[in-house]
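Novice: My structure is in data-v4.cif, and what it holds is mmCIF, C-alpha atoms and all ligand atoms:
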```cif
data_query
loop_
_atom_site.label_atom_id
_atom_site.label_comp_id
_atom_site.auth_asym_id
_atom_site.auth_seq_id
_atom_site.Cartn_x
_atom_site.Cartn_y
_atom_site.Cartn_z
CA MET W 1 4.67 -28.88 41.22
CA LYS W 2 7.44 -30.25 39.09
CA ASN W 3 5.10 -30.09 36.08
CA ALA W 4 4.15 -26.49 36.82
CA PHE W 5 7.85 -25.61 36.76
CA LEU W 6 8.26 -27.42 33.48
CA VAL W 7 5.28 -25.60 31.96
CA THR W 8 6.60 -22.24 33.17
CA ALA W 9 10.05 -23.04 31.82
CA LEU W 10 8.62 -24.11 28.45
CA LEU W 11 6.40 -21.04 28.24
CA GLY W 12 9.41 -18.89 29.09
CA LEU W 13 11.37 -20.62 26.37
CA ALA W 14 8.55 -20.08 23.87
CA THR W 15 8.42 -16.36 24.68
CA ALA W 16 12.18 -16.11 24.50
CA THR W 17 12.20 -17.89 21.14
CA GLN W 18 9.59 -15.45 19.80
CA ALA W 19 11.58 -12.52 21.12
CA GLN W 20 14.67 -13.70 19.34
CA ARG W 21 13.65 -13.69 15.72
CA THR W 22 16.65 -12.53 13.74
CA ALA W 23 15.49 -13.08 10.17
CA PHE W 24 12.54 -12.77 7.80
CA GLU W 25 10.97 -15.99 6.57
CA PRO W 26 8.70 -14.91 3.71
CA GLY W 27 5.43 -16.82 3.50
CA LYS W 28 5.84 -18.60 6.87
CA VAL W 29 3.60 -18.11 9.89
CA TRP W 30 4.89 -14.94 11.60
CA PRO W 31 4.13 -14.92 15.34
CA ASP W 32 3.72 -11.69 17.30
CA ASN W 33 4.73 -11.39 20.99
CA HIS W 34 1.73 -13.56 21.96
CA GLY W 35 2.66 -16.27 19.47
CA THR W 36 -0.26 -15.35 17.17
CA HIS W 37 0.29 -14.95 13.41
CA LEU W 38 0.46 -11.22 12.57
CA ASN W 39 -2.94 -9.93 11.53
CA ALA W 40 -2.02 -6.92 9.40
CA HIS W 41 -2.85 -7.49 5.75
CA GLY W 42 -2.48 -4.94 2.96
CA ALA W 43 -0.12 -3.27 5.41
CA GLY W 44 2.08 -0.21 5.56
CA VAL W 45 4.81 0.74 8.03
CA LEU W 46 5.48 4.02 9.81
CA PHE W 47 8.91 4.69 11.33
CA ASP W 48 8.51 7.10 14.23
CA LYS W 49 10.90 8.07 17.03
CA GLY W 50 13.05 4.97 16.69
CA ARG W 51 10.21 2.48 16.37
CA TYR W 52 8.44 0.85 13.45
CA TYR W 53 4.63 0.66 13.45
CA LEU W 54 2.93 -1.86 11.22
CA PHE W 55 -0.70 -1.17 10.28
CA GLY W 56 -2.85 -3.59 8.34
CA GLU W 57 -6.29 -5.03 7.78
CA HIS W 58 -7.37 -7.21 10.70
CA LYS W 59 -8.94 -10.28 9.08
CA ILE W 60 -11.10 -12.96 10.66
CA ALA W 61 -11.54 -16.62 9.68
CA GLY W 62 -13.97 -17.53 6.89
CA PRO W 63 -15.10 -15.65 3.78
CA LYS W 64 -16.81 -12.97 5.90
CA GLY W 65 -13.29 -11.93 6.85
CA ASN W 66 -12.83 -10.33 3.45
CA SER W 67 -14.91 -7.43 4.72
CA ALA W 68 -13.98 -5.34 7.76
CA GLN W 69 -15.26 -6.95 10.95
CA VAL W 70 -12.79 -5.44 13.41
CA GLY W 71 -10.67 -2.64 11.93
CA VAL W 72 -7.01 -1.78 11.47
CA HIS W 73 -4.51 -3.72 13.58
CA CYS W 74 -1.26 -2.12 14.78
CA TYR W 75 2.00 -3.75 15.87
CA SER W 76 5.28 -2.12 16.84
CA SER W 77 8.88 -3.23 16.56
CA LYS W 78 12.45 -2.04 17.06
CA ASP W 79 14.03 -4.43 14.57
CA LEU W 80 11.30 -5.39 12.01
CA TYR W 81 11.52 -9.09 12.96
CA ASN W 82 9.82 -9.09 16.38
CA TRP W 83 6.42 -7.41 16.57
CA GLN W 84 4.53 -6.37 19.67
CA ASP W 85 0.76 -6.38 19.47
CA GLU W 86 -0.55 -2.80 19.93
CA GLY W 87 -4.19 -3.75 19.35
CA ILE W 88 -6.77 -2.16 17.07
CA ALA W 89 -5.72 1.34 16.00
CA LEU W 90 -8.93 2.11 14.10
CA ALA W 91 -12.05 0.19 15.05
CA VAL W 92 -15.02 -0.26 12.71
CA ALA W 93 -18.26 1.32 13.95
CA PRO W 94 -21.06 -1.00 15.15
CA ALA W 95 -23.14 -2.67 12.43
CA GLY W 96 -26.31 -0.70 11.79
CA SER W 97 -24.80 2.55 13.08
CA GLY W 98 -24.92 4.05 9.60
CA SER W 99 -21.27 5.09 9.88
CA GLU W 100 -19.29 4.95 6.62
CA ILE W 101 -16.92 2.55 8.41
CA GLU W 102 -19.56 0.34 9.98
CA GLN W 103 -18.79 -3.34 10.46
CA GLY W 104 -19.15 -5.14 7.12
CA CYS W 105 -17.75 -2.30 5.03
CA ILE W 106 -14.55 -3.00 3.08
CA LEU W 107 -11.54 -1.29 4.58
CA GLU W 108 -8.25 -2.07 2.83
CA ARG W 109 -4.56 -1.15 2.61
CA PRO W 110 -4.29 1.30 5.55
CA LYS W 111 -1.24 3.58 5.43
CA VAL W 112 -0.21 5.88 8.31
CA VAL W 113 2.01 8.96 8.09
CA TYR W 114 3.12 11.45 10.73
CA ASN W 115 2.50 15.12 10.10
CA LYS W 116 5.21 17.39 11.52
CA LEU W 117 3.09 20.54 11.35
CA THR W 118 0.07 19.25 13.27
CA HIS W 119 1.89 16.50 15.24
CA LYS W 120 -0.94 14.17 14.22
CA TYR W 121 -0.80 10.66 12.83
CA VAL W 122 -2.87 10.45 9.67
CA MET W 123 -4.26 7.16 8.36
CA TRP W 124 -5.58 6.76 4.80
CA PHE W 125 -7.30 3.62 3.54
CA HIS W 126 -9.39 2.29 0.69
CA LEU W 127 -13.05 2.30 1.74
CA GLU W 128 -16.00 0.53 0.16
CA LEU W 129 -19.38 1.29 1.71
CA LYS W 130 -21.25 -1.64 3.23
CA GLY W 131 -23.47 -3.56 0.85
CA GLN W 132 -22.13 -1.93 -2.31
CA GLY W 133 -19.35 -4.36 -3.24
CA TYR W 134 -16.49 -2.35 -4.73
CA ALA W 135 -18.73 0.29 -6.35
CA ALA W 136 -18.14 3.22 -3.99
CA ALA W 137 -14.38 3.32 -4.76
CA ARG W 138 -13.51 5.85 -2.07
CA THR W 139 -10.48 6.74 -0.01
CA ALA W 140 -10.87 7.69 3.63
CA VAL W 141 -8.90 9.43 6.35
CA ALA W 142 -8.64 9.01 10.14
CA VAL W 143 -6.50 10.95 12.64
CA SER W 144 -4.81 10.21 15.95
CA ASP W 145 -2.56 11.93 18.49
CA ARG W 146 -0.62 8.70 19.04
CA ALA W 147 0.89 6.28 16.54
CA THR W 148 -0.92 3.31 18.00
CA GLY W 149 -4.29 5.13 18.01
CA PRO W 150 -7.13 5.25 18.71
CA PHE W 151 -7.68 6.87 15.30
CA ARG W 152 -10.77 9.03 14.86
CA TYR W 153 -12.55 8.59 11.54
CA VAL W 154 -12.77 11.90 9.66
CA ARG W 155 -14.33 11.40 6.22
CA SER W 156 -14.12 9.68 2.84
CA TYR W 157 -13.42 11.08 -0.61
CA ARG W 158 -13.72 10.59 -4.30
CA PRO W 159 -10.58 12.65 -5.10
CA GLY W 160 -10.28 15.22 -7.87
CA ALA W 161 -13.94 16.26 -8.09
CA GLY W 162 -14.25 19.19 -10.50
CA GLN W 163 -10.51 19.23 -11.23
CA TRP W 164 -8.74 18.14 -14.38
CA PRO W 165 -5.40 16.37 -14.01
CA LEU W 166 -2.15 18.21 -14.79
CA GLY W 167 -1.39 18.19 -18.51
CA PHE W 168 -5.03 17.60 -19.46
CA GLN W 169 -5.58 19.26 -22.83
CA ASP W 170 -8.49 21.64 -23.43
CA GLU W 171 -9.82 19.60 -26.34
CA TRP W 172 -10.12 16.57 -24.03
CA LYS W 173 -12.67 18.31 -21.81
CA GLN W 174 -15.64 17.57 -24.13
CA PRO W 175 -16.98 14.06 -24.81
CA VAL W 176 -16.12 12.60 -28.20
CA PRO W 177 -19.14 11.19 -30.11
CA GLY W 178 -19.12 7.36 -30.14
CA GLU W 179 -16.33 7.02 -27.57
CA ALA W 180 -18.44 4.98 -25.12
CA ALA W 181 -18.94 2.31 -27.80
CA LEU W 182 -15.23 1.80 -28.46
CA LYS W 183 -14.14 -1.79 -28.00
CA TRP W 184 -12.02 -2.20 -24.86
CA TRP W 185 -8.27 -2.85 -25.23
CA THR W 186 -8.15 -1.70 -28.87
CA PRO W 187 -5.55 0.98 -29.73
CA GLU W 188 -8.40 3.50 -30.35
CA TRP W 189 -9.87 2.78 -26.93
CA ARG W 190 -6.46 3.12 -25.22
CA THR W 191 -5.99 6.49 -26.90
CA ALA W 192 -9.46 7.54 -25.74
CA VAL W 193 -8.66 6.47 -22.14
CA ALA W 194 -5.44 8.52 -22.23
CA ALA W 195 -7.49 11.44 -23.56
CA GLY W 196 -9.83 11.36 -20.58
CA LEU W 197 -12.69 8.98 -21.46
CA PHE W 198 -13.15 7.96 -17.80
CA VAL W 199 -11.78 11.15 -16.24
CA ARG W 200 -14.65 13.05 -17.93
CA ARG W 201 -17.19 10.48 -16.76
CA ASP W 202 -16.22 10.97 -13.11
CA PHE W 203 -15.28 14.66 -13.28
CA ALA W 204 -18.25 15.98 -11.31
CA LYS W 205 -18.54 13.29 -8.62
CA GLY W 206 -14.81 12.73 -8.19
CA GLN W 207 -12.45 10.06 -9.44
CA MET W 208 -12.58 6.44 -8.25
CA ALA W 209 -10.03 5.44 -5.62
CA ARG W 210 -9.40 1.76 -4.89
CA ASP W 211 -5.96 0.19 -4.16
CA MET W 212 -3.85 3.00 -2.75
CA THR W 213 -0.69 4.07 -1.01
CA ILE W 214 0.70 7.23 0.58
CA PHE W 215 4.17 8.55 -0.17
CA VAL W 216 5.90 11.37 1.75
CA ASP W 217 8.68 13.08 -0.19
CA ASP W 218 11.90 14.56 1.29
CA ASP W 219 10.35 18.04 1.24
CA GLY W 220 7.49 16.86 3.47
CA LYS W 221 4.88 16.87 0.69
CA ALA W 222 2.64 13.82 0.72
CA TYR W 223 0.93 12.12 -2.21
CA HIS W 224 -1.96 9.70 -2.46
CA VAL W 225 -1.59 7.17 -5.28
CA HIS W 226 -4.66 5.14 -6.21
CA SER W 227 -6.13 2.83 -8.83
CA SER W 228 -8.80 4.84 -10.59
CA GLU W 229 -10.97 4.81 -13.73
CA ASP W 230 -12.23 1.25 -13.07
CA ASN W 231 -8.67 0.24 -12.10
CA LEU W 232 -7.46 1.16 -15.58
CA THR W 233 -5.31 4.16 -14.68
CA LEU W 234 -3.36 5.16 -11.56
CA HIS W 235 -3.88 8.65 -10.19
CA LEU W 236 -1.37 10.55 -8.08
CA ALA W 237 -2.88 13.33 -5.97
CA GLU W 238 -1.08 15.83 -3.76
CA LEU W 239 -2.23 16.08 -0.13
CA THR W 240 -2.57 19.35 1.79
CA ALA W 241 0.11 20.38 4.30
CA ASP W 242 -1.77 18.65 7.16
CA TYR W 243 -2.07 15.44 5.03
CA GLN W 244 -5.83 15.30 5.69
CA ASP W 245 -7.19 16.60 2.37
CA PHE W 246 -6.32 16.97 -1.32
CA THR W 247 -4.83 20.16 -2.81
CA GLY W 248 -6.53 19.52 -6.17
CA ARG W 249 -3.27 18.95 -8.03
CA TRP W 250 -3.26 15.47 -9.51
CA SER W 251 -1.98 13.52 -12.49
CA THR W 252 -2.48 10.21 -14.23
CA ILE W 253 0.06 7.37 -14.47
CA ALA W 254 0.06 4.67 -17.17
CA PRO W 255 -3.40 5.31 -18.70
CA ALA W 256 -5.19 2.01 -19.45
CA GLY W 257 -2.20 0.19 -17.92
CA HIS W 258 -4.51 -1.69 -15.49
CA ASN W 259 -2.35 -1.33 -12.38
CA GLU W 260 -3.21 -2.00 -8.75
CA ALA W 261 -1.40 -2.40 -5.45
CA PRO W 262 0.85 0.67 -5.88
CA ALA W 263 3.99 1.00 -3.73
CA LEU W 264 6.43 3.87 -4.10
CA CYS W 265 9.96 4.76 -3.02
CA LYS W 266 12.62 7.35 -3.82
CA ARG W 267 16.24 6.51 -4.46
CA GLY W 268 19.00 8.75 -5.80
CA GLY W 269 16.45 11.49 -6.53
CA LYS W 270 14.31 9.20 -8.72
CA TYR W 271 10.91 7.78 -7.95
CA TYR W 272 10.18 4.09 -8.31
CA LEU W 273 6.72 2.62 -8.43
CA LEU W 274 5.86 -1.05 -8.13
CA THR W 275 2.39 -2.32 -8.96
CA SER W 276 0.50 -5.49 -9.83
CA GLY W 277 -1.94 -6.30 -12.56
CA CYS W 278 -5.65 -6.61 -11.78
CA THR W 279 -6.63 -10.19 -10.97
CA GLY W 280 -8.34 -9.72 -7.60
CA TRP W 281 -6.99 -11.97 -4.85
CA ALA W 282 -5.09 -14.12 -7.36
CA PRO W 283 -1.46 -13.09 -7.78
CA ASN W 284 0.08 -11.94 -11.05
CA ALA W 285 3.36 -10.53 -12.34
CA ALA W 286 4.48 -7.24 -10.76
CA ARG W 287 5.31 -4.18 -12.82
CA SER W 288 7.84 -1.40 -12.21
CA PHE W 289 8.13 2.24 -13.26
CA VAL W 290 10.66 5.05 -12.82
CA ALA W 291 10.32 8.83 -13.01
CA SER W 292 12.60 11.81 -12.35
CA SER W 293 9.66 13.90 -11.13
CA ILE W 294 6.80 12.53 -9.09
CA TRP W 295 4.49 14.18 -11.64
CA GLY W 296 5.97 12.05 -14.37
CA PRO W 297 6.52 11.13 -17.08
CA TRP W 298 6.72 7.59 -15.69
CA ARG W 299 8.64 5.07 -17.75
CA GLN W 300 7.57 1.45 -17.48
CA LEU W 301 10.38 -1.03 -16.79
CA GLU W 302 10.37 -4.83 -16.45
CA ASN W 303 8.74 -7.22 -14.05
CA PRO W 304 11.03 -6.63 -11.04
CA ALA W 305 10.76 -10.24 -9.84
CA THR W 306 13.29 -12.84 -11.00
CA GLY W 307 13.63 -16.61 -10.67
CA ALA W 308 11.00 -19.23 -9.93
CA ASP W 309 7.46 -17.86 -9.50
CA ALA W 310 8.47 -14.42 -10.78
CA ASP W 311 5.30 -14.45 -12.91
CA SER W 312 3.15 -14.47 -9.75
CA THR W 313 5.43 -12.24 -7.62
CA TYR W 314 6.12 -15.40 -5.57
CA HIS W 315 2.34 -15.81 -5.12
CA SER W 316 1.89 -12.34 -3.68
CA GLN W 317 0.79 -8.78 -4.38
CA SER W 318 2.66 -5.59 -3.40
CA THR W 319 1.45 -3.43 -0.54
CA TYR W 320 4.36 -1.18 0.52
CA ILE W 321 8.02 -0.32 0.09
CA LEU W 322 9.69 0.42 3.42
CA PRO W 323 12.92 2.44 3.56
CA VAL W 324 14.98 0.72 6.27
CA ALA W 325 15.94 3.24 8.96
CA GLY W 326 19.65 3.97 9.29
CA LYS W 327 20.64 2.15 6.11
CA PRO W 328 20.91 4.44 3.09
CA ASP W 329 19.03 3.27 0.00
CA ALA W 330 17.89 0.07 1.71
CA PHE W 331 14.32 -0.82 0.76
CA LEU W 332 12.12 -3.64 1.91
CA PHE W 333 9.41 -4.86 -0.46
CA MET W 334 6.23 -5.89 1.35
CA ALA W 335 3.51 -8.01 -0.26
CA ASP W 336 0.50 -10.13 0.67
CA ARG W 337 -0.14 -13.76 -0.08
CA TRP W 338 -3.93 -13.58 0.03
CA THR W 339 -6.03 -16.52 1.22
CA PRO W 340 -9.59 -15.29 0.55
CA LYS W 341 -11.26 -18.53 1.74
CA ASN W 342 -9.74 -18.00 5.16
CA PRO W 343 -8.35 -14.46 5.07
CA ILE W 344 -6.81 -14.58 8.56
CA ASP W 345 -4.25 -17.09 7.23
CA GLY W 346 -2.88 -14.64 4.64
CA GLY W 347 0.92 -14.67 4.51
CA TYR W 348 3.49 -11.90 4.23
CA ILE W 349 6.19 -11.77 1.61
CA TRP W 350 8.90 -9.33 2.68
CA LEU W 351 11.97 -9.28 0.46
CA PRO W 352 14.91 -6.93 -0.09
CA LEU W 353 14.41 -4.63 -3.07
CA SER W 354 17.61 -4.15 -5.00
CA PHE W 355 18.41 -2.14 -8.12
CA GLU W 356 20.24 -2.91 -11.34
CA GLY W 357 20.74 0.55 -12.81
CA ASP W 358 17.20 1.91 -12.83
CA GLN W 359 15.59 -1.50 -12.69
CA PRO W 360 14.16 -2.51 -9.28
CA ARG W 361 14.83 -6.21 -8.61
CA LEU W 362 13.32 -8.84 -6.37
CA ARG W 363 14.88 -12.22 -5.63
CA TRP W 364 13.29 -14.91 -3.53
CA ALA W 365 14.92 -15.84 -0.22
CA ASP W 366 13.61 -18.48 2.20
CA ARG W 367 15.30 -16.66 5.04
CA TRP W 368 17.15 -13.36 5.10
CA SER W 369 18.07 -10.53 7.41
CA LEU W 370 18.79 -6.82 7.18
CA GLY W 371 22.51 -7.63 6.99
CA VAL W 372 22.01 -8.07 3.22
CA PHE W 373 21.91 -4.28 3.00
CA ASP W 374 25.43 -4.10 4.47
CA GLN W 375 26.85 -6.08 1.53
CA PRO W 376 28.41 -3.98 -1.27
CA ARG W 377 25.56 -2.61 -3.40
CA PRO W 378 25.46 -0.41 -6.51
CA LYS W 379 25.18 3.24 -5.54
CA ALA W 380 22.19 5.29 -6.60
CA THR W 381 23.06 7.77 -9.34
CA ALA W 382 21.50 11.21 -9.11
CA ALA W 383 18.46 11.96 -11.27
CA GLN W 384 19.23 13.63 -14.61
C1 LIG X 401 -7.07 -7.00 -5.10
C2 LIG X 401 -6.70 -5.78 -4.29
C3 LIG X 401 -7.03 -6.09 -2.86
C4 LIG X 401 -8.52 -6.39 -2.79
C5 LIG X 401 -8.87 -7.51 -3.75
C6 LIG X 401 -10.37 -7.78 -3.79
O1 LIG X 401 -6.72 -6.85 -6.42
O2 LIG X 401 -5.35 -5.49 -4.44
O3 LIG X 401 -6.66 -5.01 -2.04
O4 LIG X 401 -9.24 -5.23 -3.15
O5 LIG X 401 -8.43 -7.20 -5.04
O6 LIG X 401 -10.66 -8.73 -4.79
#
```
Could you express the structure from this file as structure tokens?
Specialist:
Amino acid sequence: MKNAFLVTALLGLATATQAQRTAFEPGKVWPDNHGTHLNAHGAGVLFDKGRYYLFGEHKIAGPKGNSAQVGVHCYSSKDLYNWQDEGIALAVAPAGSGSEIEQGCILERPKVVYNKLTHKYVMWFHLELKGQGYAAARTAVAVSDRATGPFRYVRSYRPGAGQWPLGFQDEWKQPVPGEAALKWWTPEWRTAVAAGLFVRRDFAKGQMARDMTIFVDDDGKAYHVHSSEDNLTLHLAELTADYQDFTGRWSTIAPAGHNEAPALCKRGGKYYLLTSGCTGWAPNAARSFVASSIWGPWRQLENPATGADADSTYHSQSTYILPVAGKPDAFLFMADRWTPKNPIDGGYIWLPLSFEGDQPRLRWADRWSLGVFDQPRPKATAAQ
């Protein structure tokens, strides 16, 4: 009897301890309300009616866990430190069902936005069809009436089919003799990429879409940003008013810049984009860009990370930039520390994103809390 009391007391203590997290500890095990490490990789966050919703790839143990075995996991939180398990928001379809999202497909980087016109929650994610590796390069959409789901799978896309990007010159619409034989990474080849070498190749069937994010602007317009053209060039594509389709207006960012893992935010009327290089699950140095219009031109800045391990983004890769609710110009950088041999163990690197003039900055912290945003910070200057 005495022991039972002790066990109950200890369990109570454990729950209380979990409920009392008051800081972020980047890279450490991050228990949810059950004491289980959060299982939301390649995540994004939705802030809706006073609550944060975290959506990410549910991974399982072992290498098989690098493909989708379960679906998209959702958690909710009031304070960003303590997360309540809300279960699977989008489930994969049974293996053998022939669904585009059947178990064993690759389903990455889910991002959920709320649409004020339709009152629907719209989830976009990078989809690779089962058994095709990363060749399909599609983006896909699912819809729900509730933030926590269940989301209903709608369809997948190769965006931009039959549409040239904004600013695409007429003389670029025809293939240039010999262009396919150009040696990669030479100045001639870079010029050819910027002049549509790969855009032309994929014009009819639609442009490739791998690592992606969704950004909703102040005016309610939403944009889908994705690694395209064999991960060489980022594409930014406007979504329709219901956020479930593309309008056909799109543009390229950093042609041949080889960027992945895009994450976007807006501060002082300017747009900031953080990305990584392309080294698969292995981390590399982050990149940063700024633009006064979302359509560009985008100006490349420095590696935003500083200090030890800045060249590997502290062993992580960007997935999202979260504007902190109620704190003006406070942004939280979210990244993944991938562990492909046992994907379920992947860690989360959440750090405050600060700015030095136009330059986004990241500094490592073993432990930090949202109070850092209450310290005096440089004010955002309005876009020119
Ligand atoms: C990364 C990408 C991840 C995943 C991985 C597969 O570069 O950001 O989302 O696709 O490659 O190797």
Novice: Would you mind listing the residues within 6 Å of ligand LIG 401 (chain X), counting all atoms listed in the file, as JSON, numbers by chain?
Specialist: {"W": [108, 211, 260, 261, 278, 279, 280, 281]}
Novice: Of the candidates W:Ala282, W:Lys111, W:Asp311, W:Ile60, which shows the shortest atom-to-atom distance to Tyr223 of chain W, using all atoms listed in the file?
Specialist: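 Residue with the minimum atom-to-atom distance to Tyr223 of chain W: W:Lys111.
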Novice: Hey, can you check how far atom CA of Glu100 of chain W sits from atom CA of Lys205 of chain W?
Specialist: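 Between these atoms lies a distance of 17.4 Å.
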Novice: Could you name the residues that touch segment 39-53 of chain W at 8 Å or less, counting all atoms listed in the file, but leaving out those on the same chain fewer than 3 positions away, as a PyMOL selection string?
Specialist: chain W and resi 56-59+72-80+108-114+147-148+319-320+322+325+334-336+344+346+348
Novice: Go ahead and save the residues from that selection, with C-alpha atoms, as a short mmCIF file (atom, residue, chain, number, x, y, z; two decimals), in the coordinates of the input.
Specialist:
```
data_model
loop_
_atom_site.label_atom_id
_atom_site.label_comp_id
_atom_site.auth_asym_id
_atom_site.auth_seq_id
_atom_site.Cartn_x
_atom_site.Cartn_y
_atom_site.Cartn_z
CA GLY W 56 -2.85 -3.59 8.34
CA GLU W 57 -6.29 -5.03 7.78
CA HIS W 58 -7.37 -7.21 10.70
CA LYS W 59 -8.94 -10.28 9.08
CA VAL W 72 -7.01 -1.78 11.47
CA HIS W 73 -4.51 -3.72 13.58
CA CYS W 74 -1.26 -2.12 14.78
CA TYR W 75 2.00 -3.75 15.87
CA SER W 76 5.28 -2.12 16.84
CA SER W 77 8.88 -3.23 16.56
CA LYS W 78 12.45 -2.04 17.06
CA ASP W 79 14.03 -4.43 14.57
CA LEU W 80 11.30 -5.39 12.01
CA GLU W 108 -8.25 -2.07 2.83
CA ARG W 109 -4.56 -1.15 2.61
CA PRO W 110 -4.29 1.30 5.55
CA LYS W 111 -1.24 3.58 5.43
CA VAL W 112 -0.21 5.88 8.31
CA VAL W 113 2.01 8.96 8.09
CA TYR W 114 3.12 11.45 10.73
CA ALA W 147 0.89 6.28 16.54
CA THR W 148 -0.92 3.31 18.00
CA THR W 319 1.45 -3.43 -0.54
CA TYR W 320 4.36 -1.18 0.52
CA LEU W 322 9.69 0.42 3.42
CA ALA W 325 15.94 3.24 8.96
CA MET W 334 6.23 -5.89 1.35
CA ALA W 335 3.51 -8.01 -0.26
CA ASP W 336 0.50 -10.13 0.67
CA ILE W 344 -6.81 -14.58 8.56
CA GLY W 346 -2.88 -14.64 4.64
CA TYR W 348 3.49 -11.90 4.23
#
```
Novice: Counting only C-alpha atoms, note down every residue that has an atom within 10 Å of the point (-11.1, 14.0, -14.3) (file coordinates), as a PyMOL selection string.
Specialist: chain W and resi 159-166+168+173+196-208+229+235+250-252
Novice: Enter the distance from atom CA of Ala93 of chain W to atom CA of Ile321 of chain W, in Å, rounded to one decimal.
Specialist: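 Distance between the two atoms: 29.8 Å.
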Novice: Can you pull out every residue within 12 Å of Gly307 of chain W, counting all atoms listed in the file, but drop anything in the same chain fewer than 4 positions away, and send it as JSON, numbers by chain?
Specialist: {"W": [303, 311, 312, 313, 314, 361, 362, 363, 364, 365]}
Novice: Closest to Asp329 of chain W among W:Gly96, W:Pro150, W:Pro376, W:Gly131, using all atoms listed in the file?
Specialist: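 Looking only at the distances to Asp329 of chain W, the closest residue turns out to be W:Pro376.
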Novice: Could you tell me which of W:Val193, W:Val29, W:Val92, W:Met212 comes closest to Leu129 of chain W if we count only C-alpha atoms?
Specialist: W:Val92
Novice: What's around Gly178 of chain W at 12 Å? Count all atoms listed in the file, leave out sequence neighbours fewer than 4 positions away in its own chain, and write the answer as a compact mmCIF listing (two decimals) with C-alpha atoms, in the frame of the given file.
Specialist:
```
# COMPACT_ATOMS: atom_id res chain seq x y z
CA LEU W 182 -15.23 1.80 -28.46
CA LYS W 183 -14.14 -1.79 -28.00
CA GLU W 188 -8.40 3.50 -30.35
CA TRP W 189 -9.87 2.78 -26.93
CA ALA W 192 -9.46 7.54 -25.74
CA LEU W 197 -12.69 8.98 -21.46
```
Novice: Nearest residue to Gln20 of chain W out of W:Thr240, W:Ser227, W:Asn66, W:Asn82, using only C-alpha atoms?
Specialist: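 Closest to Gln20 of chain W, using only C-alpha atoms: W:Asn82.
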Novice: To one decimal place in Å, what is the distance between atom CA of Ala23 of chain W and atom CA of Arg146 of chain W?
Specialist: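 Answer for the atom CA of Ala23 of chain W to atom CA of Arg146 of chain W separation: 28.5 Å.
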Novice: Could you name the residues that touch Leu332 of chain W at 8 Å or less, counting all atoms listed in the file, but leaving out those on the same chain fewer than 2 positions away, as a ChimeraX atom specification?
Specialist: /W:321-324,330,334,350-353
Novice: Could you save those same residues with C-alpha atoms as a short mmCIF file (atom, residue, chain, number, x, y, z; two decimals), in the frame of the given file?
Specialist:
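Output (selection37.cif):
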```
data_model
loop_
_atom_site.label_atom_id
_atom_site.label_comp_id
_atom_site.auth_asym_id
_atom_site.auth_seq_id
_atom_site.Cartn_x
_atom_site.Cartn_y
_atom_site.Cartn_z
CA ILE W 321 8.02 -0.32 0.09
CA LEU W 322 9.69 0.42 3.42
CA PRO W 323 12.92 2.44 3.56
CA VAL W 324 14.98 0.72 6.27
CA ALA W 330 17.89 0.07 1.71
CA MET W 334 6.23 -5.89 1.35
CA TRP W 350 8.90 -9.33 2.68
CA LEU W 351 11.97 -9.28 0.46
CA PRO W 352 14.91 -6.93 -0.09
CA LEU W 353 14.41 -4.63 -3.07
#
```
Novice: Nearest residue to Asp217 of chain W out of W:Ser293, W:Gln317, W:Ser276, W:Thr191, using all atoms listed in the file?
Specialist: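 Of the candidates, the smallest distance to Asp217 of chain W is held by W:Ser293.
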Novice: For Glu238 of chain W, which residue among W:Gly268, W:Pro283, W:Gly220, W:Gly133 is the nearest when counting only C-alpha atoms?
Specialist: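 Selected residue with least distance to Glu238 of chain W: W:Gly220.
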